[in-house]
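Chemist: Right, I'll just put the structure down here and ask away after.
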Amino acid sequence: MKKMSQFFGMRVYTDKAHYVGEIKDLILDDKEGVVTGMAWGYRGGKILSIPYDSVMAIGDIILVRSKKVPQPAGA
């Protein structure tokens, strides 16, 4: 178990070894009392975040699933 403060500044990588960024904040569901996402940056006034269910492992870094890109038909 980790304290919320221990996540701040942790590096995030995808399962394809792509560096995403560092955790800046956590997103909580205040009704359920659980972490639902991790914010790693801002673009155009919007928070860039990773859904917590995309997290594969947490250790010295945070490993997340890569986004699935739909393949064109016939590819």
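Naming scheme: A, B, ... for chains in displayed order of the structure tokens; residues 1 onward per chain; ligands 1 onward as shown.
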Counting only C-alpha atoms, what is within 12 Å of Tyr13 in chain A, bar same-chain residues fewer than 3 positions away, as a list in words?
Modeler: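 Here the qualifying residues turn out to be Met10, Lys16, Ala17, His18, Tyr19, Val20, Gly21, Glu22, Ile23, Trp40, Ile50, Ser54, Val55, Met56, Ala57, Ile58, Gly59, Asp60, Ile61, Ile62, Leu63, Val64, Arg65 and Ser66 of chain A.
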Chemist: Applying 12 Å and only C-alpha atoms, which residues near Leu28 in chain A remain after dropping the ones on its own chain fewer than 2 positions away? List them as number ranges by chain.
Modeler: A: 4, 25-26, 30-39, 49, 51-52
Chemist: Out of A:Lys67, A:Ile47, A:Val12, A:Lys3, which residue has the shortest atom-to-atom distance to Ile27 in chain A when counting only C-alpha atoms?
Modeler: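 The answer is A:Ile47, which sits nearest to Ile27 in chain A.
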Chemist: As a list in words, please: every residue in chain A that DSSP puts in helix (DSSP H, G or I).
Modeler: Met4, Ser5, Gln6, Tyr52, Asp53 and Ser54 of chain A
Chemist: Quick check, in Å to one decimal: how far apart do CA of Thr14 in chain A and CA of Arg43 in chain A lie?
Modeler: 19.6 Å
Chemist: List every residue of chain A that DSSP, applied to the backbone, labels as strand (DSSP E), and write the result as a PyMOL selection string.
Modeler: chain A and resi 11-14+19-22+25-29+34-43+46-51+55-58+62-64
